[in-house]
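Peer 1: Just one file: upload.pdb, with PDB, C-alpha atoms.
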ATOM      1  CA  MET A  71      31.315  -6.615 -30.927  1.00  0.00           C
ATOM      2  CA  GLN A  72      33.887  -6.878 -28.201  1.00  0.00           C
ATOM      3  CA  GLY A  73      33.615  -3.119 -27.662  1.00  0.00           C
ATOM      4  CA  LEU A  74      29.977  -3.481 -26.687  1.00  0.00           C
ATOM      5  CA  ARG A  75      30.576  -6.046 -23.948  1.00  0.00           C
ATOM      6  CA  ALA A  76      31.746  -3.602 -21.295  1.00  0.00           C
ATOM      7  CA  PRO A  77      28.792  -1.163 -21.689  1.00  0.00           C
ATOM      8  CA  LEU A  78      26.330  -4.077 -21.785  1.00  0.00           C
ATOM      9  CA  ALA A  79      27.842  -5.596 -18.666  1.00  0.00           C
ATOM     10  CA  THR A  80      27.622  -2.241 -16.891  1.00  0.00           C
ATOM     11  CA  LEU A  81      23.945  -1.836 -17.823  1.00  0.00           C
ATOM     12  CA  LEU A  82      23.192  -5.384 -16.664  1.00  0.00           C
ATOM     13  CA  PHE A  83      24.917  -4.769 -13.331  1.00  0.00           C
ATOM     14  CA  VAL A  84      23.024  -1.499 -12.758  1.00  0.00           C
ATOM     15  CA  GLY A  85      19.721  -3.152 -13.635  1.00  0.00           C
ATOM     16  CA  LEU A  86      20.298  -6.042 -11.238  1.00  0.00           C
ATOM     17  CA  SER A  87      21.336  -3.680  -8.459  1.00  0.00           C
ATOM     18  CA  ALA A  88      18.172  -1.622  -8.916  1.00  0.00           C
ATOM     19  CA  SER A  89      16.027  -4.778  -8.848  1.00  0.00           C
ATOM     20  CA  ILE A  90      17.659  -6.006  -5.655  1.00  0.00           C
ATOM     21  CA  ALA A  91      17.265  -2.609  -4.000  1.00  0.00           C
ATOM     22  CA  SER A  92      13.591  -2.359  -4.907  1.00  0.00           C
ATOM     23  CA  ALA A  93      12.933  -5.896  -3.684  1.00  0.00           C
ATOM     24  CA  GLY A  94      14.681  -5.352  -0.364  1.00  0.00           C
ATOM     25  CA  PRO A  95      12.977  -4.362   2.905  1.00  0.00           C
ATOM     26  CA  LYS A  96      11.632  -0.829   2.987  1.00  0.00           C
ATOM     27  CA  PRO A  97      12.650   1.448   5.855  1.00  0.00           C
ATOM     28  CA  ASN A  98      10.107   1.982   8.609  1.00  0.00           C
ATOM     29  CA  THR A  99       7.926   5.057   8.358  1.00  0.00           C
ATOM     30  CA  SER A 100       8.607   7.933  10.737  1.00  0.00           C
ATOM     31  CA  LEU A 101       5.407   8.458  12.754  1.00  0.00           C
ATOM     32  CA  GLY A 102       6.234  11.105  15.323  1.00  0.00           C
ATOM     33  CA  THR A 103       8.388  12.345  18.164  1.00  0.00           C
ATOM     34  CA  ILE A 104       8.533  11.765  21.907  1.00  0.00           C
ATOM     35  CA  VAL A 105       7.504  14.953  23.722  1.00  0.00           C
ATOM     36  CA  THR A 106       7.564  13.678  27.340  1.00  0.00           C
ATOM     37  CA  ALA A 107       9.121  10.583  28.856  1.00  0.00           C
ATOM     38  CA  GLU A 108       9.735   9.248  32.356  1.00  0.00           C
ATOM     39  CA  HIS A 109      10.781   5.684  33.162  1.00  0.00           C
ATOM     40  CA  ALA A 110       9.791   4.584  29.660  1.00  0.00           C
ATOM     41  CA  ARG A 111      11.332   2.624  26.798  1.00  0.00           C
ATOM     42  CA  VAL A 112      11.282   2.431  23.017  1.00  0.00           C
ATOM     43  CA  GLY A 113      12.059  -1.186  22.302  1.00  0.00           C
ATOM     44  CA  ASP A 114      15.002  -1.980  24.579  1.00  0.00           C
ATOM     45  CA  SER A 115      16.275   1.612  24.745  1.00  0.00           C
ATOM     46  CA  ALA A 116      15.356   4.342  27.204  1.00  0.00           C
ATOM     47  CA  ALA A 117      12.779   6.765  25.814  1.00  0.00           C
ATOM     48  CA  GLU A 118      14.107  10.327  25.556  1.00  0.00           C
ATOM     49  CA  VAL A 119      12.438  13.596  24.595  1.00  0.00           C
ATOM     50  CA  GLY A 120      13.026  14.333  20.918  1.00  0.00           C
ATOM     51  CA  THR A 121      13.449  10.691  19.884  1.00  0.00           C
ATOM     52  CA  THR A 122      11.844   9.873  16.535  1.00  0.00           C
ATOM     53  CA  ILE A 123       9.246   7.100  16.621  1.00  0.00           C
ATOM     54  CA  TYR A 124       8.919   4.717  13.681  1.00  0.00           C
ATOM     55  CA  SER A 125       6.237   2.316  12.503  1.00  0.00           C
ATOM     56  CA  GLY A 126       6.603  -0.928  14.436  1.00  0.00           C
ATOM     57  CA  ASP A 127       8.202   0.607  17.530  1.00  0.00           C
ATOM     58  CA  ARG A 128       7.094  -0.779  20.893  1.00  0.00           C
ATOM     59  CA  LEU A 129       6.583   1.765  23.668  1.00  0.00           C
ATOM     60  CA  ALA A 130       6.466   0.669  27.303  1.00  0.00           C
ATOM     61  CA  THR A 131       6.377   2.364  30.704  1.00  0.00           C
ATOM     62  CA  ASP A 132       7.416   1.235  34.159  1.00  0.00           C
ATOM     63  CA  GLN A 133       5.147   1.175  37.192  1.00  0.00           C
ATOM     64  CA  GLN A 134       5.750   4.891  37.836  1.00  0.00           C
ATOM     65  CA  GLY A 135       6.436   5.920  34.249  1.00  0.00           C
ATOM     66  CA  SER A 136       4.747   7.639  31.306  1.00  0.00           C
ATOM     67  CA  VAL A 137       5.546   8.530  27.714  1.00  0.00           C
ATOM     68  CA  GLN A 138       3.813  10.828  25.248  1.00  0.00           C
ATOM     69  CA  ILE A 139       4.347  11.107  21.501  1.00  0.00           C
ATOM     70  CA  ARG A 140       3.194  13.664  18.956  1.00  0.00           C
ATOM     71  CA  ALA A 141       2.191  12.223  15.586  1.00  0.00           C
ATOM     72  CA  GLY A 142       0.762  14.740  13.139  1.00  0.00           C
ATOM     73  CA  ALA A 143      -2.597  15.988  14.429  1.00  0.00           C
ATOM     74  CA  ALA A 144      -2.643  13.425  17.244  1.00  0.00           C
ATOM     75  CA  ARG A 145      -0.980  12.722  20.553  1.00  0.00           C
ATOM     76  CA  LEU A 146      -0.707   9.449  22.421  1.00  0.00           C
ATOM     77  CA  LEU A 147       0.031   9.141  26.129  1.00  0.00           C
ATOM     78  CA  LEU A 148       0.875   5.847  27.789  1.00  0.00           C
ATOM     79  CA  GLN A 149       0.462   5.872  31.540  1.00  0.00           C
ATOM     80  CA  SER A 150       2.194   3.724  34.143  1.00  0.00           C
ATOM     81  CA  ALA A 151       2.695  -0.003  33.497  1.00  0.00           C
ATOM     82  CA  SER A 152       1.481   0.251  29.906  1.00  0.00           C
ATOM     83  CA  ALA A 153       2.677  -0.934  26.508  1.00  0.00           C
ATOM     84  CA  ALA A 154       1.691  -0.305  22.889  1.00  0.00           C
ATOM     85  CA  VAL A 155       3.025  -0.825  19.382  1.00  0.00           C
ATOM     86  CA  VAL A 156       2.736   2.142  17.017  1.00  0.00           C
ATOM     87  CA  ASP A 157       2.021   1.702  13.325  1.00  0.00           C
ATOM     88  CA  ASP A 158       0.963   3.417  10.117  1.00  0.00           C
ATOM     89  CA  ASN A 159      -2.665   2.757   9.216  1.00  0.00           C
ATOM     90  CA  GLU A 160      -3.302   3.779   5.589  1.00  0.00           C
ATOM     91  CA  GLY A 161      -1.132   6.857   5.947  1.00  0.00           C
ATOM     92  CA  ALA A 162      -2.366   7.840   9.434  1.00  0.00           C
ATOM     93  CA  PRO A 163      -0.763   7.045  12.805  1.00  0.00           C
ATOM     94  CA  SER A 164      -2.210   4.213  14.869  1.00  0.00           C
ATOM     95  CA  ALA A 165      -1.268   2.131  17.892  1.00  0.00           C
ATOM     96  CA  LYS A 166      -2.251  -1.168  19.434  1.00  0.00           C
ATOM     97  CA  LEU A 167      -2.603  -1.100  23.212  1.00  0.00           C
ATOM     98  CA  LEU A 168      -1.142  -4.284  24.680  1.00  0.00           C
ATOM     99  CA  LEU A 169      -1.238  -3.459  28.369  1.00  0.00           C
ATOM    100  CA  GLY A 170      -2.332  -0.730  30.762  1.00  0.00           C
ATOM    101  CA  THR A 171      -3.936   2.622  29.880  1.00  0.00           C
ATOM    102  CA  ALA A 172      -3.578   4.921  26.880  1.00  0.00           C
ATOM    103  CA  THR A 173      -4.958   8.402  26.293  1.00  0.00           C
ATOM    104  CA  PHE A 174      -5.086   9.937  22.833  1.00  0.00           C
ATOM    105  CA  SER A 175      -6.115  13.333  21.494  1.00  0.00           C
ATOM    106  CA  THR A 176      -6.839  14.241  17.893  1.00  0.00           C
ATOM    107  CA  GLY A 177      -7.441  17.299  15.743  1.00  0.00           C
ATOM    108  CA  ASN A 178      -9.519  15.543  13.074  1.00  0.00           C
ATOM    109  CA  ALA A 179     -11.463  12.328  12.463  1.00  0.00           C
ATOM    110  CA  LYS A 180      -8.667  10.610  10.530  1.00  0.00           C
ATOM    111  CA  ALA A 181      -5.750  11.630  12.728  1.00  0.00           C
ATOM    112  CA  PHE A 182      -5.398   8.453  14.801  1.00  0.00           C
ATOM    113  CA  THR A 183      -6.794   4.967  15.509  1.00  0.00           C
ATOM    114  CA  LEU A 184      -6.263   3.016  18.728  1.00  0.00           C
ATOM    115  CA  TYR A 185      -6.597  -0.755  18.490  1.00  0.00           C
ATOM    116  CA  VAL A 186      -7.307  -2.849  21.569  1.00  0.00           C
ATOM    117  CA  SER A 187      -7.678  -6.576  21.000  1.00  0.00           C
ATOM    118  CA  ARG A 188     -10.338  -6.787  18.206  1.00  0.00           C
ATOM    119  CA  ALA A 189     -11.637  -3.252  18.756  1.00  0.00           C
ATOM    120  CA  ALA A 190     -10.729  -0.133  16.753  1.00  0.00           C
ATOM    121  CA  ILE A 191     -11.410   3.213  18.473  1.00  0.00           C
ATOM    122  CA  ARG A 192     -11.455   6.454  16.480  1.00  0.00           C
ATOM    123  CA  PRO A 193     -12.659  10.063  16.815  1.00  0.00           C
ATOM    124  CA  GLN A 194     -16.116  10.466  15.311  1.00  0.00           C
ATOM    125  CA  SER A 195     -15.664  14.039  14.065  1.00  0.00           C
ATOM    126  CA  ASP A 196     -13.044  16.617  13.136  1.00  0.00           C
ATOM    127  CA  ALA A 197     -13.601  18.436  16.443  1.00  0.00           C
ATOM    128  CA  PRO A 198     -10.863  18.117  19.112  1.00  0.00           C
ATOM    129  CA  THR A 199     -11.245  14.718  20.759  1.00  0.00           C
ATOM    130  CA  ILE A 200      -9.732  13.163  23.883  1.00  0.00           C
ATOM    131  CA  ALA A 201     -10.286   9.537  24.878  1.00  0.00           C
ATOM    132  CA  GLN A 202      -8.827   7.159  27.417  1.00  0.00           C
ATOM    133  CA  VAL A 203      -8.772   3.379  27.108  1.00  0.00           C
ATOM    134  CA  THR A 204      -7.762   0.784  29.688  1.00  0.00           C
ATOM    135  CA  TYR A 205      -6.912  -2.771  28.640  1.00  0.00           C
ATOM    136  CA  LEU A 206      -8.459  -5.220  31.085  1.00  0.00           C
ATOM    137  CA  SER A 207      -8.103  -8.389  29.019  1.00  0.00           C
ATOM    138  CA  GLU A 208      -8.402  -9.611  25.437  1.00  0.00           C
ATOM    139  CA  LYS A 209     -12.165  -9.682  25.997  1.00  0.00           C
ATOM    140  CA  GLU A 210     -12.747  -6.540  28.054  1.00  0.00           C
ATOM    141  CA  LEU A 211     -11.748  -2.872  28.161  1.00  0.00           C
ATOM    142  CA  LEU A 212     -12.778   0.438  29.720  1.00  0.00           C
ATOM    143  CA  LEU A 213     -13.417   3.440  27.472  1.00  0.00           C
ATOM    144  CA  VAL A 214     -13.772   7.064  28.598  1.00  0.00           C
ATOM    145  CA  SER A 215     -14.686   9.887  26.223  1.00  0.00           C
ATOM    146  CA  LYS A 216     -13.492  13.133  27.826  1.00  0.00           C
ATOM    147  CA  ARG A 217     -14.017  15.356  24.803  1.00  0.00           C
ATOM    148  CA  GLY A 218     -15.847  14.674  21.569  1.00  0.00           C
ATOM    149  CA  PRO A 219     -17.722  11.528  20.457  1.00  0.00           C
ATOM    150  CA  LEU A 220     -15.947   8.320  19.474  1.00  0.00           C
ATOM    151  CA  THR A 221     -16.667   5.271  17.376  1.00  0.00           C
ATOM    152  CA  ILE A 222     -15.748   1.739  18.357  1.00  0.00           C
ATOM    153  CA  THR A 223     -15.714  -0.986  15.715  1.00  0.00           C
ATOM    154  CA  VAL A 224     -15.483  -4.730  16.304  1.00  0.00           C
ATOM    155  CA  ASP A 225     -15.702  -7.233  13.446  1.00  0.00           C
ATOM    156  CA  GLY A 226     -17.426  -4.711  11.191  1.00  0.00           C
ATOM    157  CA  GLU A 227     -20.000  -3.593  13.783  1.00  0.00           C
ATOM    158  CA  THR A 228     -19.702   0.075  14.859  1.00  0.00           C
ATOM    159  CA  GLN A 229     -21.213   1.919  17.803  1.00  0.00           C
ATOM    160  CA  LEU A 230     -21.103   5.602  18.720  1.00  0.00           C
ATOM    161  CA  ILE A 231     -19.697   6.558  22.134  1.00  0.00           C
ATOM    162  CA  ALA A 232     -21.106   9.825  23.459  1.00  0.00           C
ATOM    163  CA  GLU A 233     -18.925  12.605  24.832  1.00  0.00           C
ATOM    164  CA  GLY A 234     -18.380  12.685  28.573  1.00  0.00           C
ATOM    165  CA  ASP A 235     -19.370   9.086  29.312  1.00  0.00           C
ATOM    166  CA  SER A 236     -17.529   6.001  30.536  1.00  0.00           C
ATOM    167  CA  TYR A 237     -18.181   2.520  29.202  1.00  0.00           C
ATOM    168  CA  ARG A 238     -17.206  -1.068  29.844  1.00  0.00           C
ATOM    169  CA  VAL A 239     -16.821  -2.955  26.577  1.00  0.00           C
ATOM    170  CA  MET A 240     -17.121  -6.738  26.498  1.00  0.00           C
ATOM    171  CA  LEU A 241     -15.770  -8.156  23.247  1.00  0.00           C
ATOM    172  CA  GLU A 242     -17.386 -11.535  23.832  1.00  0.00           C
ATOM    173  CA  PRO A 243     -20.745 -10.803  25.470  1.00  0.00           C
ATOM    174  CA  PRO A 244     -22.785 -13.534  27.198  1.00  0.00           C
ATOM    175  CA  PRO A 245     -25.720 -15.126  25.374  1.00  0.00           C
ATOM    176  CA  PRO A 246     -28.813 -12.860  25.084  1.00  0.00           C
ATOM    177  CA  MET A 247     -30.731 -14.683  27.828  1.00  0.00           C
ATOM    178  CA  ALA A 248     -27.819 -14.504  30.269  1.00  0.00           C
ATOM    179  CA  ALA A 249     -27.250 -10.823  29.499  1.00  0.00           C
ATOM    180  CA  ALA A 250     -30.931 -10.074  30.005  1.00  0.00           C
ATOM    181  CA  GLN A 251     -31.302 -11.774  33.391  1.00  0.00           C
ATOM    182  CA  GLY A 252     -28.027 -10.477  34.824  1.00  0.00           C
ATOM    183  CA  PRO A 253     -25.879 -12.058  37.514  1.00  0.00           C
ATOM    184  CA  GLU A 254     -28.678 -12.089  40.107  1.00  0.00           C
ATOM    185  CA  GLY A 255     -30.960 -14.310  38.003  1.00  0.00           C
ATOM    186  CA  ALA A 256     -34.069 -13.606  35.971  1.00  0.00           C
ATOM    187  CA  GLY A 257     -36.709 -11.423  37.596  1.00  0.00           C
ATOM    188  CA  SER A 258     -34.473 -10.251  40.425  1.00  0.00           C
ATOM    189  CA  GLY A 259     -34.873  -6.600  39.444  1.00  0.00           C
ATOM    190  CA  LYS A 260     -31.242  -5.945  40.343  1.00  0.00           C
ATOM    191  CA  ARG A 261     -28.645  -4.443  38.045  1.00  0.00           C
ATOM    192  CA  ASP A 262     -25.048  -5.403  37.591  1.00  0.00           C
ATOM    193  CA  LYS A 263     -23.161  -3.530  40.303  1.00  0.00           C
ATOM    194  CA  GLY A 264     -20.718  -2.256  37.699  1.00  0.00           C
ATOM    195  CA  MET A 265     -23.429  -0.773  35.509  1.00  0.00           C
ATOM    196  CA  ASN A 266     -25.365   2.473  35.833  1.00  0.00           C
ATOM    197  CA  GLY A 267     -27.912   1.354  33.286  1.00  0.00           C
ATOM    198  CA  PRO A 268     -28.727  -1.254  30.694  1.00  0.00           C
ATOM    199  CA  PRO A 269     -26.302  -1.991  27.869  1.00  0.00           C
ATOM    200  CA  LEU A 270     -26.576   0.226  24.820  1.00  0.00           C
ATOM    201  CA  LYS A 271     -26.911  -2.765  22.516  1.00  0.00           C
ATOM    202  CA  ALA A 272     -25.172  -5.950  21.542  1.00  0.00           C
ATOM    203  CA  GLY A 273     -24.281  -5.407  17.906  1.00  0.00           C
ATOM    204  CA  ARG A 274     -24.755  -8.832  16.285  1.00  0.00           C
ATOM    205  CA  SER A 275     -23.350 -10.240  19.534  1.00  0.00           C
ATOM    206  CA  TYR A 276     -19.870  -9.054  18.478  1.00  0.00           C
ATOM    207  CA  PHE A 277     -19.530  -6.855  21.540  1.00  0.00           C
ATOM    208  CA  LEU A 278     -21.510  -5.307  24.372  1.00  0.00           C
ATOM    209  CA  VAL A 279     -21.196  -1.710  25.588  1.00  0.00           C
ATOM    210  CA  GLY A 280     -22.545  -0.664  28.996  1.00  0.00           C
ATOM    211  CA  ALA A 281     -22.266   2.594  30.925  1.00  0.00           C
ATOM    212  CA  VAL A 282     -20.211   2.445  34.117  1.00  0.00           C
ATOM    213  CA  THR A 283     -19.045   4.721  36.889  1.00  0.00           C
ATOM    214  CA  VAL A 284     -15.288   5.008  36.628  1.00  0.00           C
ATOM    215  CA  THR A 285     -13.291   6.692  39.373  1.00  0.00           C
ATOM    216  CA  GLY A 286      -9.691   7.709  39.032  1.00  0.00           C
ATOM    217  CA  ILE A 287      -9.268   6.686  35.417  1.00  0.00           C
ATOM    218  CA  ILE A 288      -9.274  10.278  34.149  1.00  0.00           C
ATOM    219  CA  THR A 289      -6.511  11.429  36.479  1.00  0.00           C
ATOM    220  CA  GLY A 290      -3.840  10.557  33.942  1.00  0.00           C
ATOM    221  CA  LEU A 291      -5.188  13.248  31.625  1.00  0.00           C
ATOM    222  CA  ALA A 292      -3.605  15.857  33.871  1.00  0.00           C
ATOM    223  CA  ILE A 293      -0.112  14.566  33.087  1.00  0.00           C
ATOM    224  CA  SER A 294       0.140  16.802  30.039  1.00  0.00           C
ATOM    225  CA  GLU A 295      -1.953  19.830  29.119  1.00  0.00           C
ATOM    226  CA  ALA A 296      -0.684  19.378  25.565  1.00  0.00           C
ATOM    227  CA  LEU A 297      -3.288  16.648  25.107  1.00  0.00           C
ATOM    228  CA  GLU A 298      -5.893  19.405  25.111  1.00  0.00           C
ATOM    229  CA  SER A 299      -4.329  20.861  21.933  1.00  0.00           C
ATOM    230  CA  PRO A 300      -3.138  18.074  19.598  1.00  0.00           C
ATOM    231  CA  ASN A 301      -2.176  20.587  16.892  1.00  0.00           C
ATOM    232  CA  ARG A 302       0.066  22.603  19.187  1.00  0.00           C
ATOM    233  CA  PRO A 303       3.779  22.171  18.418  1.00  0.00           C
TER     234      PRO A 303
END
Could you quickly redo this structure as structure tokens?

Peer 2:
Amino acid sequence: MQGLRAPLATLLFVGLSASIASAGPKPNTSLGTIVTAEHARVGDSAAEVGTTIYSGDRLATDQQGSVQIRAGAARLLLQSASAAVVDDNEGAPSAKLLLGTATFSTGNAKAFTLYVSRAAIRPQSDAPTIAQVTYLSEKELLLVSKRGPLTITVDGETQLIAEGDSYRVMLEPPPPMAAAQGPEGAGSGKRDKGMNGPPLKAGRSYFLVGAVTVTGIITGLAISEALESPNRP
């Protein structure tokens, strides 16, 4: 009987060790690699080309900075004075834009999701897609579709964003009567100066999408030609 104590104790120790290891925190998932960086940070450290990016990392750029990462069939570019947290969304890369402007390109419909406040923005098809989003506030953002259609989803309501258009998205639209009469009052016949046309629709009043003329917002797309080819190494 005494001869069995040592083997039993060893087995018990191994079993407890395995249980503790499995119950401990899992390492963050590797999402991608930095391909360009200038005056940018990953957490509190300077962003450098070749640095591996993990789920939960916070990327930020200075006033004259930028940083671009490659994550599978997607690329994400943060322009000046911007910040985002990258994550793993059901096995696919994603990021939440906290500040500034982000541009992403994808090689398929499931390659990447950009979250902004309560909105989720994704490519609508497997065709190459390039989109740019500017965070204005928790209730408002600008969305530009340079290549390929997009979908934007807020609280379960989804709208299609056509290729080549720019939109202002209000996540808490005014009441229907106020939206209909506009800022000039009912019957004025004048449009909102920021709009080129009427809103597309207010999906269950969750959000309002209206076409706008945006100048200068696309200029950041020229920072890296690699955004045109998200599958290129």

Peer 1: Residues within 9 Å of region 156-171 of chain A, please, as an MDAnalysis selection string. Count only C-alpha atoms; anything in the same chain fewer than 5 positions from it doesn't count.

Peer 2: chainID A and resid 99:102 123:130 141:142 144 146:151 180:187 190 202:207 287 290

Peer 1: I need every residue sitting at most 6 Å from the point (-13.8, -11.5, 25.5) (coordinates as in the file, all atoms listed in the file considered), written as an NGL selection string.

Peer 2: :A and (208-210 or 240-242)

Peer 1: So what do you get for CA of Leu212 (chain A) versus CA of Ser195 (chain A), distance-wise?

Peer 2: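 Computing the Euclidean distance for CA of Leu212 (chain A) and CA of Ser195 (chain A) yields 20.9 Å.
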
Peer 1: State, in Å with one decimal place, the distance from CA of Asp196 (chain A) to CA of Asp235 (chain A).

Peer 2: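 Spanning CA of Asp196 (chain A) to CA of Asp235 (chain A) is a straight-line distance of 18.9 Å.
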
Peer 1: If I take CA of Val105 (chain A) and CA of Thr223 (chain A), how far is one from the other in Å, to one decimal?

Peer 2: 29.3 Å

Peer 1: Using all atoms listed in the file, can you tell me which of A:Thr131, A:Ser136, A:Thr173, A:Thr199 comes closest to Ile231 (chain A)?

Peer 2: A:Thr199

Peer 1: Given the file shown, enumerate the residues that the PyMOL selection byres ((chain A and resi 220) around 7) captures and present them as a list in words.

Peer 2: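 Output from the PyMOL selection byres ((chain A and resi 220) around 7), applied to this file: Ile191, Arg192, Pro193, Gln194, Gly218, Pro219, Thr221, Ile222, Leu230, Ile231 and Ala232 of chain A.
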
Peer 1: Which residues fall under the PyMOL selection byres ((chain A and resi 234) around 6) in this file, as a ChimeraX atom specification?

Peer 2: /A:215-216,233,235

Peer 1: Which protein, DNA or RNA residues are at most 7 Å from (-7.3, 13.9, 19.8) in the file's coordinates when you count only C-alpha atoms, listed as a ChimeraX atom specification?

Peer 2: /A:144-145,174-177,198-200,300
